[in-house]
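Colleague: First the structure, then my questions, so here it is.
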Amino acid sequence: MKGVTLMGENDLPTFTRRHFLFGGSLLIGFSLSNPAKAVVAEDKIAASGALDAAAAGFDGFVPDGFIRIARDGRIILVVPSAEMGQGIATTEAMLLAEELEVGLDQIEVALAPADPLAYNQAILKGQVTGGSTSVRAFYTPLRKAGAAARMMLINAAAQSWGVNPAECVASRAIVSHQPSGRQAVFASLVDGARQQNIPQDIPLKPPREFKVIGKPLKRVDTPEKATGAAKFGIDAAVEGMRFAAVSICPTIGGTVKTVDSAAALASWGVIDVIQIDDAVAVIGTNYWAAKKGLDLLAVEWNEGSNASLSSAELIDGLKNATATPIIGKAIGDPDAALKAHKRIDTVYQLPYLAHAALEPINTTIHVRPDACDVWVSTQVPEIARQVVSEIVGLPLEKVSVHPHLIGGGFGRRLAVDTIQHAARLGKLVSYPLKIIWTREQDIMHDRFRPAYYDRVSAALAEDGAPLAFIHRVTSSTVRPYYDRQLWPAEKLDPDALVGSDNMPYSIPHARWEWVRQDSPVALNWWRGVGEGHNVFVVESFIDELSALAGKDPIAYRQAMLSQNPRAAAVLEKASDASEWGKPLPSRMGRGVSLHQSFGSFAALVVEVEVSEQGVVLLRRATAAVDCGVPINPDSIVAQIQGGTLFGLSAALYNGITFANGRVQQSNFHDYRQIRMNEVPPFEVFVMPSTENPGGLGEVGTVSAPAALTNAIFAATGVRLRSLPIDRSLLVTSHVAGQTDQVSQ
């Protein structure tokens, strides 16, 4: 493997038969099995043929948008999804390499440019990386792309030798004719392959023949990240670039009232001060100069109608929402069951959450009269291009978005508000402008995960088994912010209920409903999306029911899984591997969560110790996941571990609160993440499977909160129904006097 490069975007040529295949275009490159080389330098990107989906000007074999084979022996695999630390550049390259019959050590990987015709995916119906959909959407198209290219290369070789293509095979970028012993490297077949028709019938390998898929291969982007050569959005460098530090109105909907820029303009390195309706930017020859100038800026704000907004007001809005519930799904007659049997009711509450990715918000933009270039880390390159086009007033084809590696997305880069912000500033100057937000601005001006208020009810049989289940979710919706248009008041947002309405358990009577309660807070999806909220509620409530029934939490769940063998298998594996039944000392406990989300099945057992002062120590974590065909087991383990730690951080420490119209959290000191010394021993078991692949990026995050709070209950007897955990409830003196809040 030779490294990862970045793709820009030029105007696409007239569509040809080679531009489309399987809903996208495919690019193929060639290489022998040479030692890995450094990542392609940015000034060599054009020579690599990585500037646009059709490889305009590339002298080689280009059957579609994902694979390119050059005459000099280079193989370039273009991956359609954004790489933001989840390892998708490696996984998608493996899918291409498997059917192309090359090894990862023979290839270079490029990130796709903004081009919906070439790189749209079927699940989200756009050029979008999110919702743990990348492998699910591209598993078959990328394999077909690799197989089609291999067939064309084999046909070219067979034609030149005058033999039957069925007698030829490809391996490690070499086509061989087994009866005669003749061989040809892919590079020597470029001209002949270009003359072949794209095959219509494309058989794929059965799993038993996989050589790449299923192997625990190291990530293609690791060497560049280890050496610092990898280019993230914040690393973008353009000739003549200037830097902007911004001051943003601290209240939602507020605007600039007055600006005194005299001191800032007199500061060394400051060249300008510009203003939009809700922000002021100081521009400098470098970021330090801009930031120092910003510190000297005197801005007065019109704080607007939300100047007194508080968390108490927002929570009251959720509690007292009066909108008519929208029924998402119903089974049987849960109301009758609730009247006829023992009834349990409880409430759960979850806060707004920020994304807090390691790479702060940044965008580099150069607006010119006839064109605009944007260098940015984004999960939605085509939507980014659309909003820039709208703001700067240029046709879509005149706006080029150059995607970069993303230093943590977690859903934040699904939103384009920061790119819109940059476009509004960038069109005020003539030079390339790099806008960088501080960590404080990144957290305080995020688009947040919605807050939730959930009412859950169950009817229990004599043996404690649930006969009925009703889940009412009260929240706002992300849809208007992502869609950039109103979401109808009477329309269900499926994200509000997913993770609950597809719970793994068999319950004869159930209903799921959503009460919409909007607020001024701008929203965005957060890693785990709807499942990240709903699985916490469902798995906490199931745990409560098992306690009321006096039954073991895992045995209680297993009794409801007779129709769900994949869920039952991961639960059994996690139980066995975690030594579930082994006794623990006082104030130690194990908790479990189980769910089926994003096409995968996952069980997590967390073991904790809770001190007399209420400090939670993570002692051990054990996960089992069935994600269908495991493409790269090494990445699967990493994704489950990383996602789980992300979810544990949120459950332990994270919540966004408002006072006087302002977000009260600002950096990692008060929006804390788990530290390295707090990470427990963590085993992940990947279940063998031949099912279609499921998603992974968010599965661990979804598993974490309920497993944690269930473990805390096992250790202390305290049932936590809101997040982040309140340590004051866990101190010994408080625990001794606690009474359970479940009404019966």
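Letters A, B, ... mark the chains of the structure tokens in the order given; residue numbers begin at 1 per chain; ligand numbers begin at 1, in order shown.
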For A:Asn155, list every protein, DNA or RNA residue within 12 Å, evaluated using only C-alpha atoms, and leave out those in the same chain fewer than 2 positions away; present the list as an MDAnalysis selection string.

Modeller: chainID A and resid 148:153 157:170 175:177 184 186 189:199

Colleague: Once you have the residues from the selection above, write them out as a PDB file, in the first residue's frame, restricted to C-alpha atoms.

Modeller:
```pdb
ATOM      1  CA  ALA A 148     -15.675  -5.619 -13.932  1.00  0.00           C
ATOM      2  CA  ALA A 149     -12.220  -4.084 -14.215  1.00  0.00           C
ATOM      3  CA  ARG A 150     -10.567  -7.471 -13.649  1.00  0.00           C
ATOM      4  CA  MET A 151     -12.729  -9.051 -16.361  1.00  0.00           C
ATOM      5  CA  MET A 152     -11.800  -6.312 -18.836  1.00  0.00           C
ATOM      6  CA  LEU A 153      -8.102  -6.796 -18.097  1.00  0.00           C
ATOM      7  CA  ALA A 157      -4.876 -10.341 -22.223  1.00  0.00           C
ATOM      8  CA  ALA A 158      -6.827 -13.246 -23.721  1.00  0.00           C
ATOM      9  CA  GLN A 159      -7.506 -11.292 -26.872  1.00  0.00           C
ATOM     10  CA  SER A 160      -3.824 -10.476 -27.318  1.00  0.00           C
ATOM     11  CA  TRP A 161      -2.878 -14.133 -26.798  1.00  0.00           C
ATOM     12  CA  GLY A 162      -5.721 -15.522 -28.874  1.00  0.00           C
ATOM     13  CA  VAL A 163      -6.986 -17.714 -26.042  1.00  0.00           C
ATOM     14  CA  ASN A 164     -10.250 -18.264 -24.179  1.00  0.00           C
ATOM     15  CA  PRO A 165     -10.649 -15.751 -21.305  1.00  0.00           C
ATOM     16  CA  ALA A 166     -11.997 -18.597 -19.175  1.00  0.00           C
ATOM     17  CA  GLU A 167      -8.490 -20.083 -19.208  1.00  0.00           C
ATOM     18  CA  CYS A 168      -6.981 -16.919 -17.669  1.00  0.00           C
ATOM     19  CA  VAL A 169      -6.828 -15.778 -14.080  1.00  0.00           C
ATOM     20  CA  ALA A 170      -5.667 -12.633 -12.314  1.00  0.00           C
ATOM     21  CA  VAL A 175      -3.018 -11.943 -15.631  1.00  0.00           C
ATOM     22  CA  SER A 176      -1.888 -15.532 -16.288  1.00  0.00           C
ATOM     23  CA  HIS A 177      -2.850 -18.048 -18.963  1.00  0.00           C
ATOM     24  CA  ALA A 184       1.037  -9.972 -18.321  1.00  0.00           C
ATOM     25  CA  PHE A 186      -1.911  -5.043 -15.510  1.00  0.00           C
ATOM     26  CA  LEU A 189      -2.782  -4.352 -20.649  1.00  0.00           C
ATOM     27  CA  VAL A 190      -3.930  -0.744 -20.337  1.00  0.00           C
ATOM     28  CA  ASP A 191      -4.512  -0.133 -24.061  1.00  0.00           C
ATOM     29  CA  GLY A 192      -6.262  -3.431 -24.643  1.00  0.00           C
ATOM     30  CA  ALA A 193      -8.466  -3.032 -21.553  1.00  0.00           C
ATOM     31  CA  ARG A 194      -9.581   0.399 -22.696  1.00  0.00           C
ATOM     32  CA  GLN A 195     -11.078  -1.197 -25.803  1.00  0.00           C
ATOM     33  CA  GLN A 196     -13.166  -3.730 -23.905  1.00  0.00           C
ATOM     34  CA  ASN A 197     -16.883  -3.348 -23.324  1.00  0.00           C
ATOM     35  CA  ILE A 198     -17.951  -2.978 -19.721  1.00  0.00           C
ATOM     36  CA  PRO A 199     -19.400  -6.391 -18.804  1.00  0.00           C
TER      37      PRO A 199
END
```

Colleague: Looking only at the backbone, which of the residues in stretch 258-405 of chain A does DSSP tag as strand (DSSP E or B), as a ChimeraX atom specification?

Modeller: /A:258-260,270-276,279-284,298-302,326-331,342-350,352-353,362-367,372-376,399-403,405

Colleague: Export, as an mmCIF file, in the first residue's frame, the selected residues with C-alpha atoms.

Modeller:
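And here is the file that came out, result-v8.cif:
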```
data_model
loop_
_atom_site.group_PDB
_atom_site.id
_atom_site.type_symbol
_atom_site.label_atom_id
_atom_site.label_comp_id
_atom_site.auth_asym_id
_atom_site.auth_seq_id
_atom_site.Cartn_x
_atom_site.Cartn_y
_atom_site.Cartn_z
ATOM 1 C CA THR A 258 -21.231 47.744 17.033
ATOM 2 C CA VAL A 259 -17.571 47.015 16.266
ATOM 3 C CA ASP A 260 -14.534 49.013 17.327
ATOM 4 C CA VAL A 270 -3.560 42.181 11.019
ATOM 5 C CA ILE A 271 -4.589 43.210 7.512
ATOM 6 C CA ASP A 272 -8.366 43.587 7.735
ATOM 7 C CA VAL A 273 -11.511 43.286 9.830
ATOM 8 C CA ILE A 274 -14.692 42.074 8.114
ATOM 9 C CA GLN A 275 -18.216 41.642 9.378
ATOM 10 C CA ILE A 276 -21.331 39.562 8.667
ATOM 11 C CA ALA A 279 -19.874 37.462 13.436
ATOM 12 C CA VAL A 280 -16.768 39.586 13.007
ATOM 13 C CA ALA A 281 -13.518 38.228 11.567
ATOM 14 C CA VAL A 282 -10.018 39.573 12.041
ATOM 15 C CA ILE A 283 -7.762 38.657 9.123
ATOM 16 C CA GLY A 284 -4.035 38.255 9.542
ATOM 17 C CA ALA A 298 -14.397 45.448 20.861
ATOM 18 C CA VAL A 299 -17.761 44.017 19.783
ATOM 19 C CA GLU A 300 -21.202 44.808 21.191
ATOM 20 C CA TRP A 301 -24.007 42.354 20.376
ATOM 21 C CA ASN A 302 -27.741 42.526 19.856
ATOM 22 C CA ILE A 326 -47.484 10.771 16.029
ATOM 23 C CA ILE A 327 -47.774 6.984 16.041
ATOM 24 C CA GLY A 328 -44.728 5.414 14.452
ATOM 25 C CA LYS A 329 -45.560 1.734 14.944
ATOM 26 C CA ALA A 330 -48.084 -0.365 16.851
ATOM 27 C CA ILE A 331 -48.444 -4.080 17.622
ATOM 28 C CA LYS A 342 -49.336 -4.963 36.502
ATOM 29 C CA ARG A 343 -48.221 -1.624 35.066
ATOM 30 C CA ILE A 344 -44.802 0.002 35.281
ATOM 31 C CA ASP A 345 -44.169 3.637 34.254
ATOM 32 C CA THR A 346 -40.968 5.647 34.264
ATOM 33 C CA VAL A 347 -39.269 8.630 32.662
ATOM 34 C CA TYR A 348 -35.837 9.040 31.093
ATOM 35 C CA GLN A 349 -34.108 12.247 30.128
ATOM 36 C CA LEU A 350 -31.079 12.926 27.908
ATOM 37 C CA TYR A 352 -28.134 18.139 24.287
ATOM 38 C CA LEU A 353 -24.698 16.936 23.191
ATOM 39 C CA ASN A 362 -12.077 25.091 9.721
ATOM 40 C CA THR A 363 -12.672 25.979 6.080
ATOM 41 C CA THR A 364 -10.384 27.467 3.465
ATOM 42 C CA ILE A 365 -12.166 29.282 0.656
ATOM 43 C CA HIS A 366 -11.152 31.333 -2.365
ATOM 44 C CA VAL A 367 -13.997 33.224 -4.012
ATOM 45 C CA CYS A 372 -14.704 29.316 -6.136
ATOM 46 C CA ASP A 373 -12.570 26.664 -4.441
ATOM 47 C CA VAL A 374 -13.247 25.235 -0.992
ATOM 48 C CA TRP A 375 -10.831 23.060 0.966
ATOM 49 C CA VAL A 376 -12.703 21.460 3.830
ATOM 50 C CA VAL A 399 -17.610 25.696 -7.296
ATOM 51 C CA SER A 400 -15.005 23.051 -6.502
ATOM 52 C CA VAL A 401 -14.919 21.312 -3.132
ATOM 53 C CA HIS A 402 -11.638 19.606 -2.214
ATOM 54 C CA PRO A 403 -12.374 17.045 0.560
ATOM 55 C CA LEU A 405 -9.187 13.739 5.847
#
```

Colleague: Out of A:Gln485, A:Thr255, A:Thr716, A:Ser377, which residue has the shortest atom-to-atom distance to A:Leu414 when counting only C-alpha atoms?

Modeller: A:Ser377

Colleague: Run DSSP on the backbone and grab whatever in stretch 448-547 of chain A lands in alpha helix (DSSP H); send it over as a ChimeraX atom specification.

Modeller: /A:479-483,529-547

Colleague: Only C-alpha atoms, please: the residues just picked out, written as an mmCIF file, in the first residue's frame.

Modeller:
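Output (result_4.cif):
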```cif
data_model
loop_
_atom_site.group_PDB
_atom_site.id
_atom_site.type_symbol
_atom_site.label_atom_id
_atom_site.label_comp_id
_atom_site.auth_asym_id
_atom_site.auth_seq_id
_atom_site.Cartn_x
_atom_site.Cartn_y
_atom_site.Cartn_z
ATOM 1 C CA ARG A 479 -34.479 17.209 9.650
ATOM 2 C CA PRO A 480 -35.087 20.950 8.993
ATOM 3 C CA TYR A 481 -31.426 21.709 9.633
ATOM 4 C CA TYR A 482 -30.078 18.923 7.428
ATOM 5 C CA ASP A 483 -32.707 19.260 4.685
ATOM 6 C CA VAL A 529 -28.204 9.099 15.839
ATOM 7 C CA GLY A 530 -31.644 7.926 17.073
ATOM 8 C CA GLU A 531 -30.329 4.601 18.316
ATOM 9 C CA GLY A 532 -27.868 6.395 20.599
ATOM 10 C CA HIS A 533 -30.801 7.758 22.569
ATOM 11 C CA ASN A 534 -33.401 5.018 22.241
ATOM 12 C CA VAL A 535 -31.220 2.031 23.071
ATOM 13 C CA PHE A 536 -30.268 3.724 26.348
ATOM 14 C CA VAL A 537 -33.950 4.056 27.228
ATOM 15 C CA VAL A 538 -34.976 0.561 26.117
ATOM 16 C CA GLU A 539 -32.028 -1.271 27.679
ATOM 17 C CA SER A 540 -32.288 0.684 30.929
ATOM 18 C CA PHE A 541 -36.003 -0.054 31.140
ATOM 19 C CA ILE A 542 -35.568 -3.751 30.328
ATOM 20 C CA ASP A 543 -33.001 -3.864 33.124
ATOM 21 C CA GLU A 544 -35.484 -2.253 35.487
ATOM 22 C CA LEU A 545 -38.103 -4.825 34.563
ATOM 23 C CA SER A 546 -35.681 -7.693 35.165
ATOM 24 C CA ALA A 547 -34.930 -6.309 38.627
#
```

Colleague: Calculate how many Å separate atom CA of A:Ile436 from atom CA of A:Ser519, rounding to one decimal.

Modeller: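 These atoms are spaced 27.9 Å apart.
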
Colleague: What's around stretch 571-587 of chain A at 9 Å? Count only C-alpha atoms, leave out sequence neighbours fewer than 6 positions away in its own chain, and write the answer as a PyMOL selection string.

Modeller: chain A and resi 554+557-558+593-594+602-612+620-625+683-685+687+712+714-716

Colleague: Identify, on the basis of only C-alpha atoms, every residue whose closest approach to stretch 126-138 of chain A does not exceed 8 Å; exclude the query and any residue fewer than 3 positions from it along the same chain; express the result as a PyMOL selection string.

Modeller: chain A and resi 80-82+88+91-92+114-116+119-123+141-142+379-382+411+414+527-529+598+692-698

Colleague: Mind dumping the selected residues with C-alpha atoms as a PDB file, in the first residue's frame?

Modeller:
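Dumped everything to selection.pdb:
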```
ATOM      1  CA  PRO A  80     -16.300   7.228  -2.180  1.00  0.00           C
ATOM      2  CA  SER A  81     -16.786   7.799   1.567  1.00  0.00           C
ATOM      3  CA  ALA A  82     -15.157  10.413   3.784  1.00  0.00           C
ATOM      4  CA  ILE A  88     -13.396   3.455   5.702  1.00  0.00           C
ATOM      5  CA  THR A  91     -12.344  -1.043   4.127  1.00  0.00           C
ATOM      6  CA  GLU A  92     -13.614   0.288   0.812  1.00  0.00           C
ATOM      7  CA  ALA A 114     -17.619  16.119  -4.848  1.00  0.00           C
ATOM      8  CA  ASP A 115     -19.525  14.364  -7.620  1.00  0.00           C
ATOM      9  CA  PRO A 116     -22.991  12.942  -6.848  1.00  0.00           C
ATOM     10  CA  TYR A 119     -20.250   8.689  -5.762  1.00  0.00           C
ATOM     11  CA  ASN A 120     -23.821   8.784  -4.478  1.00  0.00           C
ATOM     12  CA  GLN A 121     -24.730   5.894  -2.217  1.00  0.00           C
ATOM     13  CA  ALA A 122     -28.022   4.068  -2.220  1.00  0.00           C
ATOM     14  CA  ILE A 123     -29.035   4.146   1.462  1.00  0.00           C
ATOM     15  CA  PRO A 141     -21.126  -1.785  -6.010  1.00  0.00           C
ATOM     16  CA  LEU A 142     -17.421  -1.606  -5.146  1.00  0.00           C
ATOM     17  CA  GLN A 379     -19.118  14.366   5.299  1.00  0.00           C
ATOM     18  CA  VAL A 380     -21.330  15.924   2.597  1.00  0.00           C
ATOM     19  CA  PRO A 381     -19.106  17.361  -0.164  1.00  0.00           C
ATOM     20  CA  GLU A 382     -21.920  17.825  -2.654  1.00  0.00           C
ATOM     21  CA  GLY A 411     -21.881  13.727  12.656  1.00  0.00           C
ATOM     22  CA  LEU A 414     -22.865  16.372   8.195  1.00  0.00           C
ATOM     23  CA  ARG A 527     -22.714   9.594  16.550  1.00  0.00           C
ATOM     24  CA  GLY A 528     -25.349   6.966  17.222  1.00  0.00           C
ATOM     25  CA  VAL A 529     -28.204   9.099  15.839  1.00  0.00           C
ATOM     26  CA  PHE A 598     -27.408  -0.191  11.538  1.00  0.00           C
ATOM     27  CA  ASN A 692     -24.652  -8.933   4.268  1.00  0.00           C
ATOM     28  CA  PRO A 693     -22.450  -6.419   6.106  1.00  0.00           C
ATOM     29  CA  GLY A 694     -23.927  -4.148   8.745  1.00  0.00           C
ATOM     30  CA  GLY A 695     -22.707  -0.780   9.944  1.00  0.00           C
ATOM     31  CA  LEU A 696     -20.104  -0.304  12.676  1.00  0.00           C
ATOM     32  CA  GLY A 697     -19.099   3.303  13.256  1.00  0.00           C
ATOM     33  CA  GLU A 698     -21.897   3.984  15.728  1.00  0.00           C
TER      34      GLU A 698
END
```

Colleague: Enumerate, in order of chain and increasing residue number, the residues of stretch 218-315 of chain A with an atom no farther than 8 Å from stretch 658-664 of chain A, each with its shortest atom pair and distance in Å to one decimal, counting only C-alpha atoms, as a Markdown table.

Modeller:
```
| residue | atom | partner | partner_atom | distance |
| --- | --- | --- | --- | --- |
| A:Pro250 | CA | A:Arg662 | CA | 5.9 |
| A:Thr251 | CA | A:Gly661 | CA | 5.2 |
| A:Ile252 | CA | A:Gly661 | CA | 7.0 |
| A:Asn306 | CA | A:Gly661 | CA | 5.5 |
| A:Ala307 | CA | A:Gly661 | CA | 4.3 |
| A:Ser308 | CA | A:Asn660 | CA | 4.4 |
| A:Leu309 | CA | A:Gly661 | CA | 4.2 |
| A:Ser310 | CA | A:Ala659 | CA | 4.5 |
| A:Ser311 | CA | A:Phe658 | CA | 4.9 |
```

Colleague: Could you jot down the atom CA of A:Ser500 to atom CA of A:Gln596 separation for me, Å, one decimal place?

Modeller: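 Result for atom CA of A:Ser500 versus atom CA of A:Gln596: 9.6 Å, one decimal.
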
Colleague: One number please: atom CA of A:Phe713 to atom CA of A:Leu730, in Å, one decimal.

Modeller: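 Result for atom CA of A:Phe713 versus atom CA of A:Leu730: 9.6 Å, one decimal.
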